[in-house]
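Listing of work14.txt; format and content: compact mmCIF, C-alpha atoms.
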# COMPACT_ATOMS: atom_id res chain seq x y z
CA MET A 1 225.05 214.19 -15.73
CA SER A 2 226.50 211.40 -17.61
CA LEU A 3 226.00 209.03 -14.65
CA LYS A 4 222.34 209.93 -14.47
CA ASN A 5 221.80 209.28 -18.15
CA ARG A 6 223.61 205.95 -17.88
CA ASP A 7 221.46 204.92 -14.95
CA GLN A 8 218.26 205.71 -16.83
CA ASN A 9 219.39 203.78 -19.88
CA SER A 10 220.17 200.79 -17.71
CA ARG A 11 216.71 200.80 -16.13
CA SER A 12 215.02 201.11 -19.51
CA SER A 13 216.94 198.12 -20.84
CA SER A 14 216.03 195.99 -17.78
CA VAL A 15 212.33 196.75 -18.15
CA ILE A 16 212.38 195.79 -21.79
CA SER A 17 214.13 192.51 -21.04
CA GLN A 18 211.56 191.49 -18.43
CA LYS A 19 208.63 192.18 -20.77
CA TRP A 20 210.16 190.15 -23.58
CA THR A 21 210.91 187.32 -21.22
CA LEU A 22 207.30 187.21 -20.02
CA LEU A 23 206.00 187.27 -23.60
CA LEU A 24 208.35 184.52 -24.66
CA CYS A 25 207.25 182.34 -21.73
CA LEU A 26 203.57 182.83 -22.54
CA GLY A 27 204.22 182.06 -26.20
CA SER A 28 206.15 178.93 -25.40
CA PHE A 29 203.39 177.72 -23.07
CA CYS A 30 200.69 178.23 -25.69
CA ALA A 31 202.78 176.55 -28.35
CA GLY A 32 203.32 173.62 -26.01
CA LEU A 33 199.58 173.25 -25.40
CA PHE A 34 198.88 173.38 -29.13
CA PHE A 35 201.37 170.73 -30.09
CA THR A 36 200.46 168.50 -27.13
CA ASN A 37 196.72 168.33 -28.05
CA ARG A 38 197.48 167.81 -31.72
CA MET A 39 200.24 165.19 -31.68
CA TRP A 40 200.32 163.44 -28.31
CA THR A 41 197.16 161.33 -28.19
CA VAL A 42 196.96 158.78 -25.41
CA PRO A 43 196.13 155.32 -26.92
CA GLU A 44 193.06 153.51 -25.75
CA PHE A 45 193.65 149.88 -24.67
CA LYS A 46 190.97 147.32 -25.40
CA GLY A 47 191.64 145.67 -22.11
CA LEU A 48 190.63 148.86 -20.31
CA SER A 49 187.27 149.04 -22.05
CA ARG A 50 185.00 146.36 -20.54
CA THR A 51 181.26 145.99 -20.50
CA THR A 52 179.21 143.67 -18.38
CA ALA A 53 176.89 140.98 -19.82
CA VAL A 54 173.88 143.07 -18.87
CA GLU A 55 175.32 146.17 -20.58
CA ALA A 56 176.15 144.13 -23.69
CA GLU A 57 172.64 142.72 -23.83
CA SER A 58 171.22 146.23 -23.38
CA LEU A 59 173.39 147.57 -26.19
CA LYS A 60 172.33 144.64 -28.39
CA LEU A 61 168.68 145.29 -27.66
CA ILE A 62 169.15 148.99 -28.47
CA SER A 63 170.88 148.16 -31.74
CA GLU A 64 168.14 145.64 -32.63
CA GLY A 65 165.40 148.04 -31.67
CA CYS A 66 165.57 149.49 -35.12
CA ASN A 67 165.31 146.00 -36.67
CA PRO A 68 161.91 144.38 -35.85
CA LYS A 69 162.76 141.32 -37.98
CA ALA A 70 165.82 140.56 -35.87
CA LEU A 71 163.76 140.83 -32.70
CA GLN A 72 161.11 138.49 -34.14
CA GLU A 73 163.71 135.93 -35.19
CA LYS A 74 165.25 136.03 -31.73
CA ASP A 75 161.88 135.45 -30.06
CA VAL A 76 161.17 132.51 -32.39
CA LYS A 77 164.61 131.03 -31.62
CA ARG A 78 163.99 131.31 -27.89
CA GLU A 79 160.55 129.73 -28.19
CA THR A 80 162.00 126.87 -30.28
CA GLU A 81 164.71 126.20 -27.70
CA ASP A 82 162.14 126.19 -24.92
CA ILE A 83 159.90 123.77 -26.84
CA LEU A 84 162.82 121.42 -27.60
CA ALA A 85 163.80 121.40 -23.93
CA VAL A 86 160.25 120.51 -22.89
CA VAL A 87 160.02 117.78 -25.56
CA SER A 88 163.35 116.29 -24.46
CA LYS A 89 162.23 116.15 -20.84
CA SER A 90 158.88 114.67 -21.85
CA ASP A 91 160.56 112.01 -23.98
CA ASN A 92 162.88 110.97 -21.15
CA ALA A 93 159.94 110.79 -18.77
CA ARG A 94 157.95 108.73 -21.27
CA GLN A 95 160.79 106.23 -21.73
CA THR A 96 161.15 105.83 -17.99
CA LEU A 97 157.41 105.35 -17.60
CA ASP A 98 157.29 102.82 -20.46
CA LYS A 99 160.09 100.81 -18.87
CA THR A 100 158.34 100.82 -15.50
CA ILE A 101 155.02 99.78 -17.04
CA SER A 102 156.74 97.02 -19.04
CA ASN A 103 158.38 95.63 -15.90
CA LEU A 104 155.08 95.69 -14.02
CA GLU A 105 153.30 93.99 -16.92
CA MET A 106 155.91 91.23 -17.03
CA GLU A 107 155.64 90.65 -13.28
CA LEU A 108 151.85 90.52 -13.53
CA ALA A 109 152.02 88.19 -16.51
CA ALA A 110 154.46 85.91 -14.69
CA ALA A 111 152.09 85.73 -11.75
CA LYS A 112 149.19 84.87 -14.05
CA ALA A 113 151.28 82.23 -15.82
CA ALA A 114 152.21 80.63 -12.51
CA HIS A 115 148.57 80.65 -11.45
CA GLU A 116 147.44 79.06 -14.73
CA SER A 117 150.16 76.41 -14.46
CA ILE A 118 149.07 75.49 -10.96
CA ARG A 119 145.40 75.36 -11.99
CA SER A 120 146.13 73.19 -15.02
CA GLY A 121 148.47 70.89 -13.12
CA SER A 122 151.55 71.69 -15.23
CA PRO A 123 154.90 70.98 -13.56
CA LEU A 124 156.65 73.85 -11.82
CA SER A 125 160.30 74.09 -10.88
CA GLU A 126 161.28 74.07 -7.25
CA ASP A 127 162.68 77.57 -7.42
CA LEU A 128 159.45 79.06 -8.81
CA ASN A 129 158.09 81.83 -6.63
CA ILE A 130 154.35 81.23 -6.47
CA THR A 131 153.61 84.86 -5.70
CA GLY A 132 155.06 85.87 -9.05
CA GLN A 133 157.92 87.86 -7.59
CA SER A 134 160.48 86.89 -10.17
CA SER A 135 163.22 88.81 -8.40
CA SER A 136 163.83 85.84 -6.06
CA ARG A 137 164.22 83.35 -8.92
CA ARG A 138 167.50 82.41 -10.55
CA LYS A 139 168.06 84.42 -13.72
CA TYR A 140 169.10 82.69 -16.95
CA LEU A 141 170.18 83.98 -20.32
CA MET A 142 168.19 81.57 -22.48
CA VAL A 143 166.18 78.39 -22.53
CA ILE A 144 166.64 76.21 -25.61
CA GLY A 145 163.76 73.82 -26.16
CA ILE A 146 164.48 71.07 -28.70
CA ASN A 147 161.20 69.88 -30.17
CA THR A 148 161.24 66.09 -30.40
CA ALA A 149 158.90 63.11 -30.76
CA PHE A 150 158.62 59.60 -29.34
CA SER A 151 160.12 58.11 -32.50
CA SER A 152 163.18 60.39 -32.53
CA ARG A 153 165.46 58.60 -30.05
CA LYS A 154 168.29 58.35 -32.59
CA ARG A 155 168.02 62.05 -33.42
CA ARG A 156 168.27 62.92 -29.74
CA ASP A 157 171.33 60.73 -29.32
CA SER A 158 172.98 62.34 -32.36
CA ILE A 159 172.44 65.79 -30.83
CA ARG A 160 173.82 64.61 -27.48
CA ALA A 161 176.90 63.39 -29.35
CA THR A 162 177.47 66.72 -31.14
CA TRP A 163 176.33 70.19 -30.10
CA MET A 164 174.46 69.51 -26.82
CA PRO A 165 176.83 69.27 -23.79
CA GLN A 166 176.37 66.31 -21.48
CA GLY A 167 176.85 65.63 -17.78
CA GLU A 168 179.03 68.11 -15.91
CA LYS A 169 179.53 70.23 -19.01
CA ARG A 170 175.79 70.83 -19.31
CA LYS A 171 175.53 71.56 -15.60
CA LYS A 172 178.41 74.03 -15.85
CA LEU A 173 176.71 75.67 -18.84
CA GLU A 174 173.57 76.20 -16.76
CA GLU A 175 175.32 77.45 -13.62
CA GLU A 176 178.01 79.64 -15.17
CA LYS A 177 176.44 80.81 -18.46
CA GLY A 178 172.74 80.65 -17.61
CA ILE A 179 171.89 78.45 -20.61
CA ILE A 180 169.26 75.74 -20.25
CA ILE A 181 168.91 73.03 -22.93
CA ARG A 182 166.08 70.47 -22.84
CA PHE A 183 164.32 68.10 -25.21
CA VAL A 184 160.64 69.07 -25.23
CA ILE A 185 158.00 66.38 -25.40
CA GLY A 186 154.47 65.78 -24.11
CA HIS A 187 152.77 62.45 -23.47
CA SER A 188 151.05 59.85 -25.60
CA ALA A 189 147.33 59.47 -26.04
CA THR A 190 147.56 56.57 -23.60
CA VAL A 191 149.07 58.19 -20.53
CA GLY A 192 151.58 55.90 -18.86
CA GLY A 193 151.82 53.63 -21.89
CA ILE A 194 154.95 52.12 -23.41
CA LEU A 195 155.94 55.35 -25.18
CA ASP A 196 155.76 57.40 -22.00
CA ARG A 197 157.68 54.77 -20.03
CA ALA A 198 160.44 54.78 -22.66
CA ILE A 199 160.80 58.58 -22.38
CA GLU A 200 160.83 58.35 -18.57
CA ALA A 201 163.64 55.79 -18.69
CA GLU A 202 165.62 57.96 -21.14
CA GLY A 203 165.03 60.96 -18.92
CA ARG A 204 166.37 59.17 -15.85
CA LYS A 205 169.53 58.36 -17.79
CA HIS A 206 170.22 61.79 -19.25
CA GLY A 207 168.10 64.24 -17.24
CA ASP A 208 167.55 66.46 -20.26
CA PHE A 209 163.76 66.43 -20.84
CA LEU A 210 161.07 69.03 -20.32
CA ARG A 211 157.77 67.15 -20.16
CA LEU A 212 154.64 68.99 -21.24
CA ASP A 213 150.99 68.54 -20.40
CA HIS A 214 150.26 67.95 -24.07
CA VAL A 215 149.21 65.05 -26.27
CA GLU A 216 151.85 64.47 -28.96
CA GLY A 217 150.88 64.63 -32.63
CA TYR A 218 152.22 66.28 -35.79
CA LEU A 219 149.02 68.23 -36.33
CA GLU A 220 149.26 69.57 -32.77
CA LEU A 221 152.55 71.46 -33.12
CA SER A 222 150.88 74.85 -32.64
CA ALA A 223 149.32 73.71 -29.39
CA LYS A 224 152.63 72.18 -28.32
CA THR A 225 154.42 75.47 -28.99
CA LYS A 226 152.01 77.37 -26.73
CA THR A 227 152.39 74.79 -23.99
CA TYR A 228 156.18 74.82 -24.33
CA PHE A 229 156.45 78.58 -23.82
CA ALA A 230 153.99 78.53 -20.92
CA THR A 231 155.84 75.69 -19.18
CA ALA A 232 159.31 77.15 -19.85
CA VAL A 233 158.33 80.59 -18.52
CA SER A 234 156.88 79.09 -15.34
CA THR A 235 159.94 76.87 -14.85
CA TRP A 236 162.86 79.19 -15.65
CA ASP A 237 163.20 82.98 -15.54
CA ALA A 238 165.20 83.65 -18.69
CA GLU A 239 165.77 86.60 -21.00
CA PHE A 240 165.10 84.56 -24.15
CA TYR A 241 163.22 81.37 -25.03
CA ILE A 242 164.24 79.40 -28.13
CA LYS A 243 162.53 76.63 -30.03
CA VAL A 244 164.59 74.41 -32.35
CA ASP A 245 163.85 71.17 -34.18
CA ASP A 246 165.77 67.98 -33.39
CA ASP A 247 167.26 67.74 -36.90
CA VAL A 248 169.02 71.11 -36.82
CA HIS A 249 172.64 71.80 -35.88
CA VAL A 250 173.15 74.70 -33.44
CA ASN A 251 176.23 76.60 -32.30
CA ILE A 252 175.29 77.53 -28.74
CA ALA A 253 177.89 80.23 -28.06
CA THR A 254 177.15 81.97 -31.36
CA LEU A 255 173.44 81.85 -30.57
CA GLY A 256 174.10 83.41 -27.17
CA GLU A 257 176.24 86.18 -28.66
CA THR A 258 173.49 86.94 -31.18
CA LEU A 259 170.81 87.22 -28.51
CA ILE A 260 172.94 89.30 -26.14
CA ARG A 261 173.08 92.08 -28.73
CA HIS A 262 169.30 92.47 -28.39
CA ARG A 263 168.88 91.92 -24.66
CA LYS A 264 168.05 95.56 -23.89
CA LYS A 265 165.23 95.69 -26.43
CA PRO A 266 161.63 94.85 -25.53
CA ARG A 267 159.42 92.38 -27.40
CA ILE A 268 162.01 90.75 -29.66
CA TYR A 269 161.15 88.07 -32.23
CA ILE A 270 164.29 86.67 -33.93
CA GLY A 271 164.58 84.21 -36.78
CA CYS A 272 164.84 83.82 -40.53
CA MET A 273 161.78 85.76 -41.62
CA LYS A 274 159.83 84.50 -44.60
CA SER A 275 156.49 85.00 -46.33
CA GLY A 276 155.54 81.85 -48.21
CA PRO A 277 152.38 81.22 -50.24
CA VAL A 278 149.15 80.17 -48.56
CA LEU A 279 148.47 76.68 -49.90
CA ALA A 280 144.77 76.09 -50.38
CA GLN A 281 145.02 72.78 -52.24
CA LYS A 282 144.27 69.75 -50.10
CA GLY A 283 146.74 66.94 -49.87
CA VAL A 284 149.87 69.05 -50.33
CA ARG A 285 152.47 69.57 -47.64
CA TYR A 286 151.82 72.63 -45.46
CA HIS A 287 148.20 72.83 -46.61
CA GLU A 288 146.36 75.67 -44.89
CA PRO A 289 142.73 74.68 -44.13
CA GLU A 290 141.91 78.28 -43.19
CA TYR A 291 143.35 79.71 -46.38
CA TRP A 292 140.27 81.90 -46.91
CA LYS A 293 141.29 84.05 -43.93
CA PHE A 294 144.33 85.27 -45.84
CA GLY A 295 142.43 86.85 -48.71
CA GLU A 296 142.38 85.95 -52.37
CA ALA A 297 143.91 82.79 -53.80
CA GLY A 298 147.63 83.11 -54.35
CA ASN A 299 148.19 85.45 -51.41
CA LYS A 300 151.17 85.06 -49.10
CA TYR A 301 151.42 84.79 -45.35
CA PHE A 302 152.50 87.73 -43.23
CA ARG A 303 156.16 87.80 -42.24
CA HIS A 304 157.08 85.14 -39.70
CA ALA A 305 160.17 83.20 -38.63
CA THR A 306 160.82 79.81 -40.17
CA GLY A 307 160.03 76.99 -37.74
CA GLN A 308 163.44 75.30 -37.64
CA LEU A 309 164.74 77.79 -35.06
CA TYR A 310 163.43 81.03 -33.60
CA ALA A 311 163.76 83.00 -30.38
CA VAL A 312 161.47 85.33 -28.46
CA SER A 313 162.20 87.61 -25.53
CA LYS A 314 160.77 86.99 -22.08
CA ASP A 315 157.88 89.44 -22.42
CA LEU A 316 156.60 87.74 -25.58
CA ALA A 317 156.96 84.26 -24.10
CA THR A 318 155.03 85.47 -21.05
CA TYR A 319 152.36 86.96 -23.32
CA ILE A 320 151.88 83.55 -24.95
CA ALA A 321 151.76 81.84 -21.56
CA VAL A 322 149.10 84.19 -20.19
CA ASN A 323 146.92 84.18 -23.32
CA GLN A 324 147.44 80.60 -24.48
CA HIS A 325 143.76 79.71 -24.09
CA VAL A 326 142.61 82.38 -26.57
CA LEU A 327 145.44 82.32 -29.13
CA HIS A 328 144.28 80.80 -32.41
CA LYS A 329 146.14 77.79 -33.82
CA TYR A 330 146.77 77.52 -37.55
CA ALA A 331 147.85 74.28 -39.21
CA ASN A 332 151.49 75.37 -39.39
CA GLU A 333 153.22 76.12 -36.11
CA ASP A 334 155.51 78.88 -37.43
CA VAL A 335 152.51 80.67 -38.97
CA SER A 336 150.66 80.42 -35.66
CA LEU A 337 153.53 82.02 -33.78
CA GLY A 338 153.70 84.90 -36.25
CA ALA A 339 149.93 85.36 -36.03
CA TRP A 340 150.05 85.65 -32.23
CA PHE A 341 152.28 88.71 -32.56
CA ILE A 342 150.13 90.48 -35.18
CA GLY A 343 148.79 93.65 -33.60
CA LEU A 344 151.53 93.75 -30.94
CA ASP A 345 154.40 96.20 -30.89
CA VAL A 346 156.98 93.52 -31.74
CA GLU A 347 160.37 94.00 -33.39
CA HIS A 348 160.94 91.35 -36.06
CA ILE A 349 164.67 90.65 -36.49
CA ASP A 350 165.63 88.79 -39.66
CA ASP A 351 169.01 87.13 -39.03
CA ARG A 352 170.08 84.81 -41.84
CA ARG A 353 172.76 83.16 -39.70
CA LEU A 354 169.88 81.27 -38.07
CA CYS A 355 169.20 79.37 -41.29
CA CYS A 356 172.50 78.51 -42.97
CA GLY A 357 172.72 75.53 -45.26
CA THR A 358 174.72 72.41 -44.51
CA PRO A 359 178.27 72.07 -45.89
CA PRO A 360 179.67 73.56 -47.94
CA ASP A 361 177.53 76.66 -47.16
CA CYS A 362 178.06 76.81 -43.40
CA GLU A 363 181.67 75.64 -43.81
CA TRP A 364 182.57 78.50 -46.14
CA LYS A 365 180.96 80.99 -43.79
CA ALA A 366 182.82 79.57 -40.80
CA GLN A 367 186.14 79.80 -42.65
CA ALA A 368 185.34 83.43 -43.45
CA GLY A 369 184.83 84.12 -39.74
CA ASN A 370 181.03 84.33 -39.95
CA VAL A 371 180.04 81.27 -37.91
CA CYS A 372 176.43 80.20 -38.39
CA VAL A 373 173.96 79.93 -35.51
CA ALA A 374 172.01 77.07 -37.10
CA SER A 375 172.46 74.85 -40.14
CA PHE A 376 169.98 72.64 -41.99
CA ASP A 377 168.75 71.74 -45.49
CA TRP A 378 165.78 73.73 -46.77
CA THR A 379 164.67 70.84 -48.97
CA CYS A 380 164.18 68.64 -45.91
CA SER A 381 163.15 71.40 -43.46
CA GLY A 382 166.08 70.12 -41.38
CA ILE A 383 169.31 68.23 -41.98
CA CYS A 384 168.54 65.54 -44.51
CA ARG A 385 169.23 62.16 -42.88
CA SER A 386 170.33 64.06 -39.78
CA VAL A 387 171.20 60.96 -37.75
CA ASP A 388 173.85 60.02 -40.31
CA ARG A 389 175.06 63.50 -41.28
CA ILE A 390 174.92 65.73 -38.20
CA LYS A 391 178.35 64.62 -36.98
CA ASP A 392 179.90 65.71 -40.28
CA VAL A 393 178.03 69.01 -40.12
CA HIS A 394 179.28 69.51 -36.56
CA ARG A 395 182.87 68.73 -37.56
CA ARG A 396 182.87 71.11 -40.51
CA CYS A 397 180.57 73.90 -39.27
CA GLY A 398 180.70 73.67 -35.48
CA GLU A 399 182.24 76.47 -33.46
CA ASP A 400 185.50 75.99 -31.60
CA GLU A 401 184.92 74.07 -28.36
CA THR A 402 186.92 76.75 -26.53
CA CYS A 403 184.52 79.42 -27.77
CA GLU A 404 182.66 80.97 -24.83
CA LEU A 405 180.12 83.70 -24.33
Structure translated into structure tokens:
Amino acid sequence: MSLKNRDQNSRSSSVISQKWTLLLCLGSFCAGLFFTNRMWTVPEFKGLSRTTAVEAESLKLISEGCNPKALQEKDVKRETEDILAVVSKSDNARQTLDKTISNLEMELAAAKAAHESIRSGSPLSEDLNITGQSSSRRKYLMVIGINTAFSSRKRRDSIRATWMPQGEKRKKLEEEKGIIIRFVIGHSATVGGILDRAIEAEGRKHGDFLRLDHVEGYLELSAKTKTYFATAVSTWDAEFYIKVDDDVHVNIATLGETLIRHRKKPRIYIGCMKSGPVLAQKGVRYHEPEYWKFGEAGNKYFRHATGQLYAVSKDLATYIAVNQHVLHKYANEDVSLGAWFIGLDVEHIDDRRLCCGTPPDCEWKAQAGNVCVASFDWTCSGICRSVDRIKDVHRRCGEDETCEL
């Protein structure tokens, strides 16, 4: 009996232990789930969350959908960018077209100038292409024309002894630097007379003249200027054409450096720009017979370069050559040149180094490292007593002989 009771008690205890074990397991499992969801949160990495450009744009559009002002500003911004892009392309195309048209106009003008020179009997260089195709001609940087007269032999010799290279040096300057320098003179009223024969003899000795189909005379300087540019353009294909008086000192290398800075610009007119009074009174120097064309008494001229030295680019020199027969001549040559450019899209460059004074002015500037292009005395419209003084000016204001372009 006792064994039976003991066996029953043992079974009852085993059943109870199994139930409690199952309950404890279930409780532990639930507790584990509770604490896991509450405390163990898996971190989100930014690198794992990626959106494509299209999705980002879509999200942006959705977020802006509630903001009509933002959408309007965005549309305006896009339209502005599109307009700027079109304008930029149009501007580039316009510049290219302008450059092409300018080149064609210069070639056409050169052809017309050559034709006019042939018809008028003006001398042409051997390397001139009659068809006007300037591409086959030798290219030069600049042509310097020194305006001179029959009575100025001593002035010419003083220039030859100072700033104008002679012989092989001048030839080297032409071949290596593309710089042409010539004394410019026409002929006397009596063609073949003693004055012309003297110039021909001087020319055979030095070979530095450019003869013009023009009758010399002080009151004909405007006509001489037109003929000079026409003859120079038909003779040499240069980037710039310069006119200088024969009583002015010039530093050639400094002049070349000055012009090179403007070589990529079209229609350049360089000099010391001025605007003096229009002189109506007869008998005074620089009297203007056509003063009434400039308005009321006491008016001033339009801006123009002083006549001692100025330079024009090839397209302007060609313009003068082509239109020389219809360009009006005023009494003063520098005024005439300025008048020919009125109404044209010309850039006037005022460079005061082209009109320095004689020593000590140009000397001080040279010592300061600002070498002058040209020097003369305003009171004399050139170097006063240039034959006697130009050597001193050259010694004190001339550039170093080793100076090169």
Give me the segment 174-237 of chain A side of the contact with segment 297-311 of chain A, cut-off 12 Å, one line per residue showing its nearest atom pair and distance in Å at one decimal, counting only C-alpha atoms, sorted by chain and residue number, as a Markdown table.
| residue | atom | partner | partner_atom | distance |
| --- | --- | --- | --- | --- |
| A:Leu221 | CA | A:Gly307 | CA | 10.4 |
| A:Ser222 | CA | A:Gly307 | CA | 10.7 |
| A:Thr225 | CA | A:Gly307 | CA | 10.5 |
| A:Phe229 | CA | A:Ala311 | CA | 10.8 |
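In this structure, atom CA of Ile144 of chain A sits 4.7 Å away from atom CA of Ile181 of chain A.
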If we count only C-alpha atoms and set the cut-off at 8 Å, which residues sit around Ala331 of chain A, ignoring sequence neighbours fewer than 4 positions away in its own chain? Please answer as number ranges by chain. A: 219, 222, 286-289, 335-336
What is the atom CA of Met142 of chain A to atom CA of Phe240 of chain A distance in Å?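 If I compute the distance from atom CA of Met142 of chain A to atom CA of Phe240 of chain A, I get 4.6 Å.
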So that I can see what lies close to segment 154-167 of chain A, please list as a ChimeraX atom specification the residues with an atom at most 10 Å from it, counting all atoms listed in the file and leaving out residues fewer than 3 positions away in the same chain. /A:146-149,151,170-173,181-183,206-208,246-252,385-395,398-399,401
Exercise: Gly145 of chain A partners within 9 Å, all atoms listed in the file, chain neighbours under 6 positions left out, as number ranges by chain: A: 180-184, 210, 228, 232, 241-245
Counting all atoms listed in the file, the option among A:His262, A:Lys282, A:Lys226, A:His187 closest to Leu327 of chain A: A:Lys226
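The coordinates place atom CA of Asp213 of chain A at 27.3 Å from atom CA of Arg285 of chain A.
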With a distance cut-off of 12 Å and only C-alpha atoms, select the neighbouring residues of Val326 of chain A, excluding the residue or stretch itself and same-chain residues fewer than 3 positions from it, and output the selection as JSON, numbers by chain. {"A": [223, 226, 319, 320, 321, 322, 323, 329, 340]}
